[in-house]
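Q: My structure is below; once you've seen it, I'll send some questions.
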Amino acid sequence: MILDLDHINIATDRLAETRAFYVEVLGLTERWRPDFSFDGHWLYAGDRPVVHLMTRPTAGVGCDAAALSHVAFAIADIDAVKTRLDGLGVAYREIGVPDAPIRQLFLNDPNGVTIELNYLGAATARERSAPATVAGTV
């Protein structure tokens with residue numbers, strides 16, 4: 001069954017602008033990507049390629065009428081993220097989750113995809129940034 005979210009893929013006519021948003025605004029880094037026959041970028045959070053970008057195909061891949069509501073990322077420092085967004089002039093809205101110690105920021109990428117940034121507190125951020133362990137491994 002499912003272990004984790006591996007990546008999201010965004011097919012876009014605004015490849016350069018979309019790459020700039022995820023790198024400059026959200027702080028992902030561009031690294032290795034297979035040599036596909038179409039333009040694109042793989043953007044990494046740490047060692048994981050979590051956002052795949054590709055030019056919008058003419059036909060045959062994905063869905064042009066997708067119903068993606070939003071993508072959520074965990075963040076370690078909400079104040080640093082807000083300072084970064086403010087400095088870049090990126091509009092966002094902040095909400096608190098009722099009856100939970102969660103603060104969220106919502107913003108949109110150049111394609112209209114809503115990005116949710118979740119801050120679960122310093123202890124949770126430290127725990128999530130620790131290397132993962134798999135049950136039954138030594």
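The chains in the structure tokens are called A, B, ... from first to last as shown; in each chain the residues are counted from 1, and the ligands are counted from 1 in the order shown.
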What are the nearest atom pairs, with distances in Å to one decimal, for all residues of stretch 98-118 of chain A that come at most 9 Å from stretch 13-24 of chain A, using only C-alpha atoms, set out by chain and rising residue number as CSV?
A:
residue,atom,partner,partner_atom,distance
A:Asp109,CA,A:Phe21,CA,6.5
A:Pro110,CA,A:Thr18,CA,5.8
A:Asn111,CA,A:Thr18,CA,7.3
Q: Can you work out which one of A:Arg84, A:His70, A:His52, A:Arg103 has the shortest atom-to-atom distance to A:Tyr119, counting only C-alpha atoms?
A: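 For A:Tyr119, the nearest of the candidates is A:Arg103.
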Q: Can you check which residues of stretch 7-94 of chain A DSSP gives as strand (DSSP E) on the backbone and send them as a list in words?
A: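 So, restricting stretch 7-94 of chain A to strand (DSSP E), we get Ile8, Asn9, Ile10, Ala11, Thr12, Thr29, Glu30, Gly40, His41, Trp42, Leu43, Tyr44, Ala45, Arg48, Pro49, Val50, Val51, His52, Leu53, Met54, Thr55, His70, Val71, Ala72, Phe73, Ala74, Ile75, Arg93 and Glu94 of chain A.
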Q: Generate a file of the selected residues that holds N, CA and C atoms, formatted as a CSV table (one decimal), in the first residue's frame.
A:
chain,number,residue,atom,x,y,z
A,8,ILE,N,4.6,15.6,-6.9
A,8,ILE,CA,3.5,16.1,-7.7
A,8,ILE,C,4.1,16.5,-9.1
A,9,ASN,N,3.3,16.4,-10.1
A,9,ASN,CA,3.7,16.8,-11.4
A,9,ASN,C,2.8,17.9,-11.9
A,10,ILE,N,3.4,19.0,-12.4
A,10,ILE,CA,2.6,20.1,-12.9
A,10,ILE,C,3.0,20.3,-14.4
A,11,ALA,N,2.1,20.1,-15.3
A,11,ALA,CA,2.3,20.4,-16.7
A,11,ALA,C,1.8,21.8,-17.0
A,12,THR,N,2.7,22.6,-17.6
A,12,THR,CA,2.5,24.0,-17.7
A,12,THR,C,3.0,24.6,-19.0
A,29,THR,N,15.2,23.1,-4.6
A,29,THR,CA,16.4,23.2,-5.4
A,29,THR,C,16.3,22.3,-6.6
A,30,GLU,N,16.8,22.7,-7.7
A,30,GLU,CA,16.8,21.9,-9.0
A,30,GLU,C,18.0,21.1,-9.0
A,40,GLY,N,11.6,20.2,-18.9
A,40,GLY,CA,11.0,20.1,-17.5
A,40,GLY,C,12.1,20.3,-16.5
A,41,HIS,N,11.7,20.2,-15.2
A,41,HIS,CA,12.6,20.3,-14.1
A,41,HIS,C,12.2,19.4,-13.0
A,42,TRP,N,13.1,18.8,-12.2
A,42,TRP,CA,12.8,18.1,-11.0
A,42,TRP,C,13.3,19.0,-9.9
A,43,LEU,N,12.4,19.4,-8.9
A,43,LEU,CA,12.7,20.2,-7.8
A,43,LEU,C,12.7,19.5,-6.5
A,44,TYR,N,13.7,19.6,-5.7
A,44,TYR,CA,14.0,18.8,-4.6
A,44,TYR,C,13.7,19.6,-3.3
A,45,ALA,N,13.2,18.8,-2.3
A,45,ALA,CA,13.2,19.2,-0.9
A,45,ALA,C,14.1,18.3,-0.2
A,48,ARG,N,14.8,14.6,-1.9
A,48,ARG,CA,13.7,14.1,-2.6
A,48,ARG,C,13.2,15.0,-3.6
A,49,PRO,N,13.0,14.5,-4.9
A,49,PRO,CA,12.4,15.3,-6.0
A,49,PRO,C,10.9,15.3,-5.8
A,50,VAL,N,10.4,16.3,-5.1
A,50,VAL,CA,9.0,16.4,-4.7
A,50,VAL,C,8.1,17.1,-5.7
A,51,VAL,N,8.6,18.0,-6.6
A,51,VAL,CA,7.9,18.7,-7.6
A,51,VAL,C,8.5,18.4,-8.9
A,52,HIS,N,7.7,17.8,-9.8
A,52,HIS,CA,8.2,17.6,-11.2
A,52,HIS,C,7.4,18.6,-12.1
A,53,LEU,N,8.1,19.3,-12.9
A,53,LEU,CA,7.5,20.3,-13.8
A,53,LEU,C,7.8,19.8,-15.2
A,54,MET,N,6.8,20.0,-16.1
A,54,MET,CA,7.0,19.6,-17.5
A,54,MET,C,6.2,20.6,-18.4
A,55,THR,N,6.7,20.7,-19.6
A,55,THR,CA,5.9,21.5,-20.6
A,55,THR,C,4.6,20.8,-20.8
A,70,HIS,N,-5.2,21.4,-4.0
A,70,HIS,CA,-4.0,22.0,-3.5
A,70,HIS,C,-2.9,21.0,-3.2
A,71,VAL,N,-1.7,21.5,-2.9
A,71,VAL,CA,-0.6,20.7,-2.5
A,71,VAL,C,-0.1,21.2,-1.2
A,72,ALA,N,0.2,20.4,-0.2
A,72,ALA,CA,0.6,20.8,1.1
A,72,ALA,C,2.1,20.4,1.4
A,73,PHE,N,2.9,21.3,1.9
A,73,PHE,CA,4.2,21.0,2.3
A,73,PHE,C,4.3,21.4,3.8
A,74,ALA,N,5.1,20.6,4.5
A,74,ALA,CA,5.4,20.9,5.9
A,74,ALA,C,6.6,21.9,5.9
A,75,ILE,N,6.5,22.9,6.9
A,75,ILE,CA,7.6,23.9,7.0
A,75,ILE,C,8.1,23.9,8.4
A,93,ARG,N,-2.4,33.9,2.6
A,93,ARG,CA,-3.3,34.1,3.8
A,93,ARG,C,-2.9,33.1,4.8
A,94,GLU,N,-3.1,33.5,6.1
A,94,GLU,CA,-2.7,32.6,7.2
A,94,GLU,C,-3.9,32.2,7.9
Q: Write out as a PyMOL selection string each polymer residue whose atoms come within 9 Å of A:Ile78, counting only C-alpha atoms; drop sequence neighbours fewer than 3 positions from it.
A: chain A and resi 75+81-83+103-105+117-119+121
Q: Dump C-alpha atoms for the selected residues as a short mmCIF file (atom, residue, chain, number, x, y, z; two decimals), in the first residue's frame?
A:
data_model
loop_
_atom_site.label_atom_id
_atom_site.label_comp_id
_atom_site.auth_asym_id
_atom_site.auth_seq_id
_atom_site.Cartn_x
_atom_site.Cartn_y
_atom_site.Cartn_z
CA ILE A 75 7.59 23.88 7.01
CA VAL A 81 8.64 31.70 5.58
CA LYS A 82 6.37 34.72 6.11
CA THR A 83 9.40 37.03 6.05
CA ARG A 103 -0.79 27.21 11.50
CA GLN A 104 -1.15 27.30 7.74
CA LEU A 105 -0.18 29.64 4.93
CA LEU A 117 2.37 25.40 3.98
CA ASN A 118 1.82 23.66 7.32
CA TYR A 119 3.64 24.58 10.51
CA GLY A 121 5.39 23.56 15.88
#
Q: Just checking: using only C-alpha atoms, which residue out of A:Ile102, A:Leu5, A:Val25, A:Leu120 ends up closest to A:Val90?
A: A:Val25
Q: Find the distance between atom CA of A:Arg56 and atom CA of A:Leu68 and write it in Å to one decimal.
A: 15.7 Å
